[in-house]
$ cat query_34.csv   # CSV, C-alpha atoms and all ligand atoms
chain,number,residue,atom,x,y,z
A,162,LEU,CA,58.4,90.2,-128.0
A,163,ALA,CA,56.8,92.4,-125.3
A,164,GLN,CA,59.1,94.3,-123.1
A,165,ARG,CA,58.1,92.2,-120.2
A,166,LEU,CA,60.1,89.3,-121.8
A,167,ASP,CA,63.1,91.5,-122.6
A,168,GLY,CA,66.3,89.6,-122.0
A,169,ILE,CA,64.5,86.3,-121.1
A,170,PRO,CA,65.9,83.5,-123.3
A,171,PRO,CA,64.1,80.2,-124.0
A,172,THR,CA,64.3,78.1,-120.9
A,173,ILE,CA,67.5,76.1,-120.7
A,174,PHE,CA,65.5,72.9,-120.1
A,175,THR,CA,63.9,73.0,-123.5
A,176,THR,CA,67.2,73.9,-125.2
A,177,MET,CA,69.1,71.1,-123.5
A,178,SER,CA,66.5,68.4,-123.9
A,179,ALA,CA,66.1,69.2,-127.6
A,180,LEU,CA,69.9,68.9,-127.9
A,181,ALA,CA,69.8,65.5,-126.2
A,182,VAL,CA,67.2,64.2,-128.6
A,183,ARG,CA,69.0,65.7,-131.6
A,184,THR,CA,72.4,64.2,-130.7
A,185,GLY,CA,71.1,60.9,-129.3
A,186,SER,CA,72.8,61.8,-126.0
A,187,VAL,CA,72.1,60.4,-122.5
A,188,ASN,CA,70.0,63.2,-120.9
A,189,LEU,CA,71.2,64.0,-117.4
A,190,GLY,CA,69.9,67.5,-117.9
A,191,GLN,CA,66.2,68.2,-117.4
A,192,GLY,CA,64.8,66.8,-114.2
A,193,PHE,CA,62.2,64.3,-115.1
A,194,PRO,CA,62.3,60.6,-114.0
A,195,ASP,CA,62.5,57.6,-116.3
A,196,ASP,CA,60.0,55.6,-114.1
A,197,ASP,CA,56.4,56.5,-113.7
A,198,GLY,CA,54.7,56.9,-110.3
A,199,PRO,CA,52.9,54.1,-108.4
A,200,ALA,CA,50.6,51.8,-110.4
A,201,GLY,CA,47.7,52.5,-108.1
A,202,MET,CA,47.8,56.2,-109.0
A,203,LEU,CA,48.1,55.5,-112.8
A,204,GLU,CA,45.1,53.2,-112.5
A,205,ALA,CA,43.2,55.9,-110.6
A,206,ALA,CA,43.8,58.3,-113.5
A,207,GLN,CA,42.3,55.8,-115.9
A,208,ARG,CA,39.3,55.2,-113.6
A,209,ALA,CA,38.8,58.9,-113.3
A,210,ILE,CA,38.6,59.2,-117.1
A,211,ALA,CA,36.3,56.2,-117.4
A,212,ALA,CA,34.1,57.6,-114.6
A,213,GLY,CA,33.6,60.8,-116.6
A,214,HIS,CA,35.8,63.2,-114.7
A,215,ASN,CA,36.8,64.9,-118.0
A,216,GLN,CA,35.3,68.4,-117.9
A,217,TYR,CA,36.6,71.6,-116.1
A,218,ALA,CA,37.5,71.2,-112.5
A,219,PRO,CA,36.6,74.0,-110.1
A,220,GLY,CA,39.3,76.7,-110.4
A,221,THR,CA,40.7,76.0,-106.9
A,222,GLY,CA,40.7,72.2,-107.6
A,223,VAL,CA,38.4,69.2,-107.1
A,224,PRO,CA,37.4,68.9,-103.4
A,225,PRO,CA,38.9,65.4,-103.0
A,226,LEU,CA,42.3,66.8,-104.0
A,227,ARG,CA,42.1,69.9,-101.8
A,228,GLU,CA,41.1,67.6,-98.9
A,229,ALA,CA,43.9,65.2,-99.6
A,230,ILE,CA,46.5,68.1,-99.7
A,231,ALA,CA,45.2,69.4,-96.4
A,232,ARG,CA,45.6,65.9,-94.9
A,233,HIS,CA,49.1,65.7,-96.4
A,234,GLN,CA,50.1,69.0,-94.7
A,235,GLN,CA,48.7,67.8,-91.4
A,236,ARG,CA,50.3,64.3,-91.6
A,237,HIS,CA,53.8,65.4,-92.5
A,238,TYR,CA,54.1,68.8,-90.9
A,239,GLY,CA,51.3,69.2,-88.3
A,240,LEU,CA,49.8,72.1,-90.3
A,241,ASP,CA,46.1,72.7,-90.0
A,242,VAL,CA,44.9,73.7,-93.5
A,243,ASP,CA,41.3,74.4,-94.4
A,244,PRO,CA,40.7,72.6,-97.7
A,245,ASP,CA,38.0,75.1,-98.8
A,246,THR,CA,39.8,78.4,-98.2
A,247,GLN,CA,43.6,77.6,-97.7
A,248,VAL,CA,44.4,75.4,-100.7
A,249,THR,CA,44.3,76.1,-104.4
A,250,VAL,CA,45.3,73.7,-107.2
A,251,THR,CA,47.6,74.8,-110.0
A,252,THR,CA,49.0,73.5,-113.3
A,253,GLY,CA,52.2,72.3,-111.8
A,254,CYS,CA,54.3,74.2,-109.2
A,255,THR,CA,55.6,76.4,-112.1
A,256,GLU,CA,52.1,77.8,-112.4
A,257,ALA,CA,51.8,78.2,-108.7
A,258,VAL,CA,55.0,80.3,-108.8
A,259,ALA,CA,53.6,82.3,-111.7
A,260,ALA,CA,50.2,82.9,-110.2
A,261,ALA,CA,51.7,83.8,-106.8
A,262,LEU,CA,54.0,86.4,-108.3
A,263,LEU,CA,51.3,87.8,-110.7
A,264,GLY,CA,48.8,87.8,-107.9
A,265,LEU,CA,50.9,89.5,-105.3
A,266,VAL,CA,53.8,91.6,-106.8
A,267,ASP,CA,53.2,95.2,-107.7
A,268,PRO,CA,55.5,97.0,-110.1
A,269,GLY,CA,58.7,98.0,-108.4
A,270,ASP,CA,58.3,95.5,-105.5
A,271,GLU,CA,61.5,93.8,-104.6
A,272,VAL,CA,61.7,90.0,-104.3
A,273,VAL,CA,64.6,88.4,-102.5
A,274,VAL,CA,65.5,85.2,-104.3
A,275,LEU,CA,68.2,82.5,-103.8
A,276,GLU,CA,70.6,82.1,-106.6
A,277,PRO,CA,71.3,79.9,-108.5
A,278,TYR,CA,67.6,80.2,-109.1
A,279,TYR,CA,65.1,78.1,-111.1
A,280,ASP,CA,64.7,80.0,-114.3
A,281,SER,CA,61.0,80.6,-114.1
A,282,TYR,CA,61.4,82.7,-111.0
A,283,VAL,CA,63.3,85.4,-112.9
A,284,ALA,CA,60.9,85.4,-115.8
A,285,MET,CA,57.9,85.6,-113.6
A,286,ILE,CA,59.3,88.3,-111.3
A,287,GLN,CA,60.0,90.4,-114.4
A,288,MET,CA,56.6,89.7,-116.0
A,289,ALA,CA,55.0,90.8,-112.7
A,290,GLY,CA,57.0,94.0,-112.9
A,291,GLY,CA,59.0,93.1,-109.8
A,292,VAL,CA,62.7,93.5,-109.2
A,293,ARG,CA,64.8,90.5,-108.1
A,294,ARG,CA,67.4,90.8,-105.3
A,295,PRO,CA,69.5,87.6,-105.5
A,296,VAL,CA,71.3,86.1,-102.6
A,297,THR,CA,74.0,83.7,-103.8
A,298,LEU,CA,74.5,80.3,-102.4
A,299,ARG,CA,78.3,79.9,-102.9
A,300,SER,CA,80.5,76.9,-103.5
A,301,PRO,CA,81.8,74.8,-102.0
A,302,ASP,CA,79.0,74.2,-99.5
A,303,PHE,CA,76.2,76.3,-101.0
A,304,ARG,CA,74.8,77.4,-97.6
A,305,LEU,CA,72.7,80.5,-97.0
A,306,ASP,CA,74.9,83.5,-95.9
A,307,LEU,CA,72.9,85.4,-93.4
A,308,ASP,CA,74.8,88.6,-93.9
A,309,ASP,CA,74.1,88.5,-97.7
A,310,LEU,CA,70.5,87.7,-96.9
A,311,ARG,CA,70.2,90.8,-94.7
A,312,ALA,CA,72.0,93.0,-97.1
A,313,ALA,CA,69.5,92.1,-99.9
A,314,VAL,CA,66.6,93.6,-98.0
A,315,THR,CA,65.8,97.2,-98.7
A,316,PRO,CA,62.7,99.4,-97.9
A,317,ARG,CA,61.2,98.2,-101.2
A,318,THR,CA,61.5,94.5,-100.4
A,319,ARG,CA,58.1,92.8,-100.0
A,320,PHE,CA,58.8,89.2,-100.7
A,321,VAL,CA,61.2,86.4,-100.2
A,322,LEU,CA,61.0,83.6,-102.8
A,323,LEU,CA,62.5,80.6,-101.1
A,324,ASN,CA,63.3,77.2,-102.5
A,325,SER,CA,64.2,74.2,-100.2
A,326,PRO,CA,65.2,71.5,-101.0
A,327,HIS,CA,67.1,73.8,-103.4
A,328,ASN,CA,67.4,73.2,-107.1
A,329,PRO,CA,70.1,73.1,-108.5
A,330,THR,CA,72.5,73.1,-105.4
A,331,GLY,CA,70.8,70.2,-103.5
A,332,THR,CA,71.0,72.3,-100.3
A,333,VAL,CA,68.3,71.6,-97.7
A,334,LEU,CA,67.9,74.7,-95.6
A,335,THR,CA,68.4,73.9,-91.9
A,336,ARG,CA,66.0,75.0,-89.2
A,337,ALA,CA,68.5,77.6,-88.1
A,338,GLU,CA,68.7,79.1,-91.7
A,339,LEU,CA,65.0,79.1,-92.0
A,340,LYS,CA,64.7,80.8,-88.6
A,341,ALA,CA,67.0,83.6,-89.9
A,342,VAL,CA,64.7,84.0,-92.9
A,343,ALA,CA,61.7,84.0,-90.7
A,344,ASP,CA,63.1,86.6,-88.3
A,345,LEU,CA,63.9,88.8,-91.3
A,346,ALA,CA,60.4,88.4,-92.8
A,347,ILE,CA,58.8,89.2,-89.5
A,348,GLU,CA,61.1,92.2,-88.8
A,349,HIS,CA,60.5,93.7,-92.3
A,350,ASP,CA,56.9,92.5,-92.8
A,351,LEU,CA,57.7,90.3,-95.8
A,352,VAL,CA,55.6,87.6,-97.4
A,353,VAL,CA,57.5,84.3,-98.0
A,354,ILE,CA,56.7,82.4,-101.1
A,355,THR,CA,58.3,79.0,-100.7
A,356,ASP,CA,58.8,76.4,-103.5
A,357,GLU,CA,58.9,73.0,-101.7
A,358,VAL,CA,58.5,70.8,-104.7
A,359,TYR,CA,61.3,68.5,-103.6
A,360,GLU,CA,59.9,68.3,-100.1
A,361,HIS,CA,60.1,64.5,-99.9
A,362,LEU,CA,63.3,64.0,-101.8
A,363,VAL,CA,65.8,64.4,-99.0
A,364,PHE,CA,68.7,62.1,-98.1
A,365,ASP,CA,70.7,60.7,-95.1
A,366,ASP,CA,69.6,62.6,-92.0
A,367,ALA,CA,68.5,65.8,-93.8
A,368,GLU,CA,65.1,67.0,-92.7
A,369,HIS,CA,62.7,69.2,-94.8
A,370,VAL,CA,61.2,71.9,-92.6
A,371,PRO,CA,58.4,74.0,-94.2
A,372,ILE,CA,59.1,77.6,-93.2
A,373,ALA,CA,55.3,77.9,-92.6
A,374,THR,CA,55.7,75.7,-89.5
A,375,LEU,CA,58.0,78.3,-87.8
A,376,PRO,CA,56.4,80.6,-85.1
A,377,GLY,CA,54.8,83.6,-86.7
A,378,MET,CA,55.2,82.3,-90.2
A,379,TRP,CA,52.0,80.6,-91.2
A,380,GLU,CA,50.2,83.9,-91.7
A,381,ARG,CA,52.9,85.3,-94.0
A,382,THR,CA,53.8,82.2,-96.0
A,383,LEU,CA,52.6,80.8,-99.3
A,384,THR,CA,53.8,77.2,-99.6
A,385,LEU,CA,54.0,75.7,-103.1
A,386,SER,CA,54.5,72.1,-104.1
A,387,SER,CA,53.3,69.5,-106.6
A,388,ALA,CA,52.8,65.8,-107.4
A,389,GLY,CA,55.3,65.9,-110.3
A,390,LYS,CA,58.4,65.3,-108.3
A,391,SER,CA,57.0,63.4,-105.3
A,392,TYR,CA,55.0,61.0,-107.4
A,393,SER,CA,57.1,60.9,-110.6
A,394,VAL,CA,54.4,62.4,-112.9
A,395,THR,CA,56.1,65.7,-114.1
A,396,GLY,CA,53.8,65.6,-117.2
A,397,TRP,CA,50.6,65.7,-115.2
A,398,LYS,CA,51.3,69.2,-114.1
A,399,ILE,CA,49.3,69.1,-110.8
A,400,GLY,CA,50.6,71.5,-108.2
A,401,TRP,CA,49.2,73.5,-105.3
A,402,ALA,CA,49.5,76.4,-103.0
A,403,THR,CA,48.6,76.4,-99.4
A,404,GLY,CA,48.6,79.2,-96.8
A,405,PRO,CA,46.3,81.8,-95.3
A,406,ALA,CA,43.2,82.6,-97.3
A,407,HIS,CA,44.4,86.1,-98.3
A,408,LEU,CA,47.5,84.7,-100.0
A,409,VAL,CA,45.9,81.7,-101.5
A,410,ASP,CA,43.1,83.9,-102.9
A,411,ALA,CA,45.8,86.0,-104.8
A,412,VAL,CA,47.1,82.8,-106.4
A,413,THR,CA,43.5,81.8,-107.4
A,414,ALA,CA,42.8,85.3,-108.7
A,415,ALA,CA,45.7,85.2,-111.1
A,416,LYS,CA,45.4,81.5,-111.9
A,417,GLN,CA,41.9,81.8,-113.2
A,418,TRP,CA,43.2,84.0,-116.1
A,419,LEU,CA,46.2,81.7,-116.8
A,420,SER,CA,44.8,78.2,-117.1
A,421,PHE,CA,41.3,78.7,-115.5
A,422,SER,CA,41.6,75.2,-114.0
A,423,SER,CA,43.9,72.2,-114.1
A,424,GLY,CA,43.6,68.7,-115.5
A,425,THR,CA,40.6,67.0,-113.9
A,426,PRO,CA,41.4,63.2,-114.1
A,427,ALA,CA,45.0,63.8,-112.9
A,428,GLN,CA,43.6,65.8,-109.9
A,429,HIS,CA,41.5,62.8,-108.9
A,430,ALA,CA,44.5,60.4,-109.3
A,431,VAL,CA,46.8,62.6,-107.2
A,432,ALA,CA,44.1,62.8,-104.5
A,433,HIS,CA,44.1,59.0,-104.5
A,434,ALA,CA,47.9,58.9,-104.4
A,435,LEU,CA,48.3,61.4,-101.5
A,436,ASP,CA,46.0,59.2,-99.4
A,437,HIS,CA,46.7,55.7,-100.6
A,438,GLU,CA,50.2,55.8,-101.8
A,439,ALA,CA,51.5,58.0,-99.0
A,440,ASP,CA,54.6,55.9,-98.6
A,441,PHE,CA,55.7,56.2,-102.3
A,442,PRO,CA,57.7,59.5,-102.0
A,443,ARG,CA,59.8,58.0,-99.1
A,444,ARG,CA,60.6,54.9,-101.1
A,445,LEU,CA,61.4,57.1,-104.1
A,446,ALA,CA,63.9,59.1,-102.0
A,447,GLN,CA,65.6,55.8,-100.9
A,448,THR,CA,66.0,54.7,-104.5
A,449,LEU,CA,67.2,58.2,-105.5
A,450,GLN,CA,69.8,58.2,-102.7
A,451,GLY,CA,71.4,55.1,-104.3
A,452,HIS,CA,71.3,56.8,-107.6
A,453,ARG,CA,72.9,59.9,-106.1
A,454,ASP,CA,75.8,57.9,-104.7
A,455,LEU,CA,76.2,56.1,-108.1
A,456,LEU,CA,76.3,59.4,-109.9
A,457,CYS,CA,78.5,61.2,-107.5
A,458,GLU,CA,81.1,58.3,-107.4
A,459,GLY,CA,81.1,58.2,-111.2
A,460,LEU,CA,81.6,61.9,-111.5
A,461,VAL,CA,84.6,61.7,-109.2
A,462,GLU,CA,86.0,59.0,-111.5
A,463,ALA,CA,85.4,61.4,-114.4
A,464,GLY,CA,87.5,64.0,-112.6
A,465,LEU,CA,84.6,66.1,-111.3
A,466,THR,CA,84.1,66.4,-107.5
A,467,PRO,CA,80.4,67.0,-107.0
A,468,ARG,CA,78.7,68.8,-104.2
A,469,VAL,CA,76.9,65.8,-102.7
A,470,PRO,CA,73.3,66.9,-102.5
A,471,GLU,CA,71.2,66.7,-99.3
A,472,GLY,CA,68.0,66.7,-101.4
A,473,THR,CA,66.4,67.1,-104.9
A,474,TYR,CA,67.6,64.9,-107.7
A,475,PHE,CA,70.5,67.0,-108.9
A,476,ALA,CA,74.2,67.1,-108.2
A,477,LEU,CA,76.4,70.2,-109.0
A,478,THR,CA,80.0,70.1,-110.2
A,479,ASP,CA,82.6,72.7,-111.0
A,480,VAL,CA,84.0,72.1,-114.4
A,481,GLY,CA,87.1,74.0,-113.4
A,482,ASP,CA,88.1,70.6,-112.0
A,483,LEU,CA,88.6,69.5,-115.6
A,484,GLY,CA,90.3,72.8,-116.6
A,485,TRP,CA,87.2,74.3,-118.2
A,486,ALA,CA,86.4,78.0,-117.4
A,487,ASP,CA,82.9,78.0,-118.7
A,488,GLY,CA,80.1,75.6,-118.0
A,489,MET,CA,78.1,76.7,-121.0
A,490,GLU,CA,81.0,75.8,-123.3
A,491,PHE,CA,81.4,72.6,-121.5
A,492,CYS,CA,77.7,71.6,-121.8
A,493,THR,CA,77.3,72.7,-125.4
A,494,SER,CA,80.3,70.6,-126.5
A,495,LEU,CA,79.6,67.7,-124.2
A,496,PRO,CA,77.1,65.9,-126.6
A,497,GLU,CA,79.7,65.8,-129.3
A,498,ARG,CA,82.6,65.0,-126.9
A,499,ALA,CA,80.8,62.4,-124.9
A,500,GLY,CA,77.1,61.9,-125.9
A,501,VAL,CA,75.8,63.3,-122.6
A,502,VAL,CA,73.7,66.3,-121.7
A,503,ALA,CA,73.9,68.3,-118.5
A,504,ILE,CA,72.7,71.8,-117.5
A,505,PRO,CA,75.0,74.8,-117.4
A,506,CYS,CA,74.1,76.8,-114.3
A,507,GLN,CA,75.4,80.2,-115.2
A,508,VAL,CA,71.9,80.9,-116.6
A,509,PHE,CA,70.6,80.6,-113.1
A,510,HIS,CA,72.9,83.4,-111.8
A,511,ASP,CA,73.1,87.2,-111.8
A,512,ASP,CA,76.6,86.7,-110.3
A,513,GLN,CA,78.4,85.2,-113.2
A,514,ASP,CA,81.6,84.7,-111.3
A,515,ALA,CA,79.7,82.5,-108.9
A,516,GLY,CA,77.9,80.5,-111.6
A,517,ARG,CA,80.1,80.4,-114.7
A,518,HIS,CA,81.7,77.0,-114.0
A,519,LEU,CA,78.8,75.2,-112.4
A,520,VAL,CA,77.1,72.3,-114.2
A,521,ARG,CA,74.1,70.3,-112.9
A,522,TRP,CA,73.6,66.5,-113.4
A,523,ALA,CA,70.2,64.8,-112.8
A,524,PHE,CA,70.1,61.4,-111.1
A,525,CYS,CA,66.3,60.7,-111.4
A,526,LYS,CA,67.1,58.4,-114.3
A,527,GLU,CA,67.2,54.6,-114.4
A,528,GLN,CA,70.4,53.1,-113.0
A,529,SER,CA,71.4,51.8,-116.4
A,530,VAL,CA,71.0,55.2,-117.9
A,531,ILE,CA,73.2,56.8,-115.2
A,532,GLU,CA,75.8,54.1,-115.7
A,533,ASP,CA,75.7,54.6,-119.5
A,534,GLY,CA,76.1,58.4,-119.0
A,535,LEU,CA,79.0,57.9,-116.6
A,536,VAL,CA,80.9,55.5,-118.9
A,537,ARG,CA,80.5,58.0,-121.7
A,538,LEU,CA,81.7,60.8,-119.5
A,539,GLN,CA,84.7,58.9,-118.2
A,540,LYS,CA,85.8,58.3,-121.9
A,541,ALA,CA,85.3,62.0,-122.9
A,542,ASP,CA,88.2,64.1,-124.1
B,601,LIG,N1,62.3,71.4,-112.5
B,601,LIG,C1,63.0,70.5,-113.5
B,601,LIG,C2,64.4,70.8,-113.6
B,601,LIG,O1,64.9,71.7,-112.9
B,601,LIG,C3,62.3,70.7,-114.8
B,601,LIG,C4,62.0,72.1,-115.2
B,601,LIG,C5,61.4,72.3,-116.5
B,601,LIG,O2,61.6,71.6,-117.4
B,601,LIG,N2,60.6,73.3,-116.6
B,601,LIG,O3,65.1,70.2,-114.4
$ encode --input "query_34.csv" --output "structure tokens"
Amino acid sequence: LAQRLDGIPPTIFTTMSALAVRTGSVNLGQGFPDDDGPAGMLEAAQRAIAAGHNQYAPGTGVPPLREAIARHQQRHYGLDVDPDTQVTVTTGCTEAVAAALLGLVDPGDEVVVLEPYYDSYVAMIQMAGGVRRPVTLRSPDFRLDLDDLRAAVTPRTRFVLLNSPHNPTGTVLTRAELKAVADLAIEHDLVVITDEVYEHLVFDDAEHVPIATLPGMWERTLTLSSAGKSYSVTGWKIGWATGPAHLVDAVTAAKQWLSFSSGTPAQHAVAHALDHEADFPRRLAQTLQGHRDLLCEGLVEAGLTPRVPEGTYFALTDVGDLGWADGMEFCTSLPERAGVVAIPCQVFHDDQDAGRHLVRWAFCKEQSVIEDGLVRLQKAD
């Protein structure tokens, strides 16, 4: 392997989903839903194929999708986005992250990143030649510590890679926390790359605030999202970046050499969904909130006290509650002990003491699947 992949193991999501298949376990690991998105969107994909939308899309995305994304940003957040110059379509949010980092980070540039982190951030910061500066969200409440944040910034820092709603903690950064990030970014002239892929999956009275909406932030923020989570089509891999043209151009410049362009029929279907199924993500969040409560109550009965998430479709637990010191050992033996798969979070940490005992459970599964997983878990040794 090339040096740029030194120390980067296969992604935990592949490892754990393969383990689930091999052992016939209930997969509460990788975050993909059991249910497909709205029927109207699935039909729109079939219509797009039948209508001959089967060749390369423009690198920045088909115009109807870029226009629908701009309307989405306006409708939900009051952001004025020019569909021609301030939107680019990517192959999922994961490619948006990759292209943003490859397009913007120079060797030696420091990137402040929240940990636990989504594993692709670490791989892509390294592949871009950057240096990560993690800021740990700590148990039990997993809030952003503003002193830690400030301490992570050095004269070499050029980027903050944010993620809210945050995977895997379920933290939704408050306006005050985002304001602190914004103040720091403005003071040190940093660019904020923000992964908001769970933007619609928030619960109770939590509110998702895009940091791009804060004063002085639009011009220094690249906002990333996708249809995968909001419309339950993680396999379509349609994501996007929005922001000022100079930042979006950097994403497009790198993306053209990665995938060139993204799946054309799915782009047309997502454009349809953003305009005509605008209510779907809210209804999905309502359903997920019920699943969250079911999962969290069941985890308590199994002896684990979860951090009840404000957003995303994941709940975190500390396996120390059951006398385990190590989440990786807990998760690798869990299929045999219980027939359930979950995600060990120490792989998302530089700070092993903070992450060793954390385990993530997904609740984007059908109710019967969650119930089955919980019954198995409650019977485990
Ligand atoms: N984002 C999803 C998760 O955290 C899936 C990630 C992946 O499989 N690449 O589970």
$ residues_near_ligand --input "query_34.csv" --ligand "ligand LIG 601 (chain B)" --cutoff "6 Å" --atoms "only C-alpha atoms and all ligand atoms" --output "list in words"
Phe174, Gln191 and Gly192 of chain A
$ write_last_selection --input "query_34.csv" --atoms "C-alpha atoms" --output "PDB file, keeping the file's coordinate frame"
ATOM      1  CA  PHE A 174      65.500  72.900-120.100  1.00  0.00           C
ATOM      2  CA  GLN A 191      66.200  68.200-117.400  1.00  0.00           C
ATOM      3  CA  GLY A 192      64.800  66.800-114.200  1.00  0.00           C
TER       4      GLY A 192
END
$ residues_around --input "query_34.csv" --residues "Tyr359 in chain A" --least-positions-apart "4" --cutoff "7 Å" --atoms "only C-alpha atoms" --output "ChimeraX atom specification"
/A:326,390-391,473
$ closest_residue --input "query_34.csv" --among "A:Leu189, A:Leu166, A:Cys457, A:Ala406" --to "Val501 in chain A" --atoms "all atoms listed in the file"
A:Leu189
$ closest_residue --input "query_34.csv" --among "A:His369, A:Val502, A:Ala434, A:Tyr278" --to "Arg183 in chain A" --atoms "all atoms listed in the file"
A:Val502
$ closest_residue --input "query_34.csv" --among "A:Asp197, A:Ala337, A:Gly500, A:Ala284" --to "Val182 in chain A" --atoms "all atoms listed in the file"
A:Gly500
$ atom_distance --input "query_34.csv" --atom1 "CA of Ala411 in chain A" --atom2 "CA of Ala257 in chain A"
10.6 Å
$ closest_residue --input "query_34.csv" --among "A:Arg381, A:Arg537, A:Arg299, A:Lys526" --to "Asp479 in chain A" --atoms "all atoms listed in the file"
A:Arg299
$ residues_around --input "query_34.csv" --residues "Ala313 in chain A" --least-positions-apart "4" --cutoff "9 Å" --atoms "only C-alpha atoms" --output "mmCIF file with C-alpha atoms, keeping the file's coordinate frame"
data_model
loop_
_atom_site.group_PDB
_atom_site.id
_atom_site.type_symbol
_atom_site.label_atom_id
_atom_site.label_comp_id
_atom_site.auth_asym_id
_atom_site.auth_seq_id
_atom_site.Cartn_x
_atom_site.Cartn_y
_atom_site.Cartn_z
ATOM 1 C CA VAL A 273 64.600 88.400 -102.500
ATOM 2 C CA ARG A 294 67.400 90.800 -105.300
ATOM 3 C CA PRO A 295 69.500 87.600 -105.500
ATOM 4 C CA VAL A 296 71.300 86.100 -102.600
ATOM 5 C CA ASP A 308 74.800 88.600 -93.900
ATOM 6 C CA ASP A 309 74.100 88.500 -97.700
ATOM 7 C CA THR A 318 61.500 94.500 -100.400
#
$ decode --input "query_34.csv" --residues "range 459-477 of chain A" --atoms "N, CA and C atoms" --output "mmCIF file, in the first residue's frame"
data_model
loop_
_atom_site.group_PDB
_atom_site.id
_atom_site.type_symbol
_atom_site.label_atom_id
_atom_site.label_comp_id
_atom_site.auth_asym_id
_atom_site.auth_seq_id
_atom_site.Cartn_x
_atom_site.Cartn_y
_atom_site.Cartn_z
ATOM 1 N N GLY A 459 -34.666 -0.497 25.527
ATOM 2 C CA GLY A 459 -34.197 -1.890 25.484
ATOM 3 C C GLY A 459 -32.742 -2.018 25.929
ATOM 4 N N LEU A 460 -31.930 -1.030 25.570
ATOM 5 C CA LEU A 460 -30.529 -1.063 25.995
ATOM 6 C C LEU A 460 -30.444 -0.970 27.514
ATOM 7 N N VAL A 461 -31.292 -0.121 28.108
ATOM 8 C CA VAL A 461 -31.313 0.001 29.574
ATOM 9 C C VAL A 461 -31.649 -1.356 30.194
ATOM 10 N N GLU A 462 -32.651 -2.028 29.603
ATOM 11 C CA GLU A 462 -33.023 -3.353 30.138
ATOM 12 C C GLU A 462 -31.884 -4.352 29.991
ATOM 13 N N ALA A 463 -31.039 -4.144 28.986
ATOM 14 C CA ALA A 463 -29.889 -5.042 28.795
ATOM 15 C C ALA A 463 -28.704 -4.631 29.665
ATOM 16 N N GLY A 464 -28.901 -3.587 30.496
ATOM 17 C CA GLY A 464 -27.845 -3.188 31.422
ATOM 18 C C GLY A 464 -26.940 -2.085 30.905
ATOM 19 N N LEU A 465 -27.297 -1.504 29.744
ATOM 20 C CA LEU A 465 -26.488 -0.428 29.169
ATOM 21 C C LEU A 465 -27.285 0.877 29.216
ATOM 22 N N THR A 466 -26.696 1.921 29.756
ATOM 23 C CA THR A 466 -27.388 3.215 29.791
ATOM 24 C C THR A 466 -26.909 4.040 28.610
ATOM 25 N N PRO A 467 -27.765 4.210 27.580
ATOM 26 C CA PRO A 467 -27.297 4.930 26.392
ATOM 27 C C PRO A 467 -27.279 6.438 26.612
ATOM 28 N N ARG A 468 -26.484 7.113 25.810
ATOM 29 C CA ARG A 468 -26.591 8.558 25.687
ATOM 30 C C ARG A 468 -27.759 8.766 24.697
ATOM 31 N N VAL A 469 -28.870 9.310 25.166
ATOM 32 C CA VAL A 469 -30.028 9.465 24.286
ATOM 33 C C VAL A 469 -29.709 10.534 23.244
ATOM 34 N N PRO A 470 -29.661 10.139 21.956
ATOM 35 C CA PRO A 470 -29.199 11.089 20.938
ATOM 36 C C PRO A 470 -30.225 12.172 20.617
ATOM 37 N N GLU A 471 -29.730 13.356 20.325
ATOM 38 C CA GLU A 471 -30.577 14.483 19.896
ATOM 39 C C GLU A 471 -30.822 14.421 18.393
ATOM 40 N N GLY A 472 -29.966 13.693 17.688
ATOM 41 C CA GLY A 472 -30.092 13.573 16.244
ATOM 42 C C GLY A 472 -29.320 12.369 15.747
ATOM 43 N N THR A 473 -29.296 12.168 14.440
ATOM 44 C CA THR A 473 -28.705 11.006 13.731
ATOM 45 C C THR A 473 -29.578 9.771 13.947
ATOM 46 N N TYR A 474 -29.085 8.591 13.516
ATOM 47 C CA TYR A 474 -29.822 7.394 13.905
ATOM 48 C C TYR A 474 -28.954 6.411 14.661
ATOM 49 N N PHE A 475 -28.158 6.967 15.595
ATOM 50 C CA PHE A 475 -27.262 6.141 16.399
ATOM 51 C C PHE A 475 -27.375 6.491 17.881
ATOM 52 N N ALA A 476 -27.215 5.463 18.721
ATOM 53 C CA ALA A 476 -27.124 5.695 20.164
ATOM 54 C C ALA A 476 -25.809 5.099 20.656
ATOM 55 N N LEU A 477 -25.143 5.818 21.566
ATOM 56 C CA LEU A 477 -23.857 5.389 22.114
ATOM 57 C C LEU A 477 -24.060 4.803 23.504
#
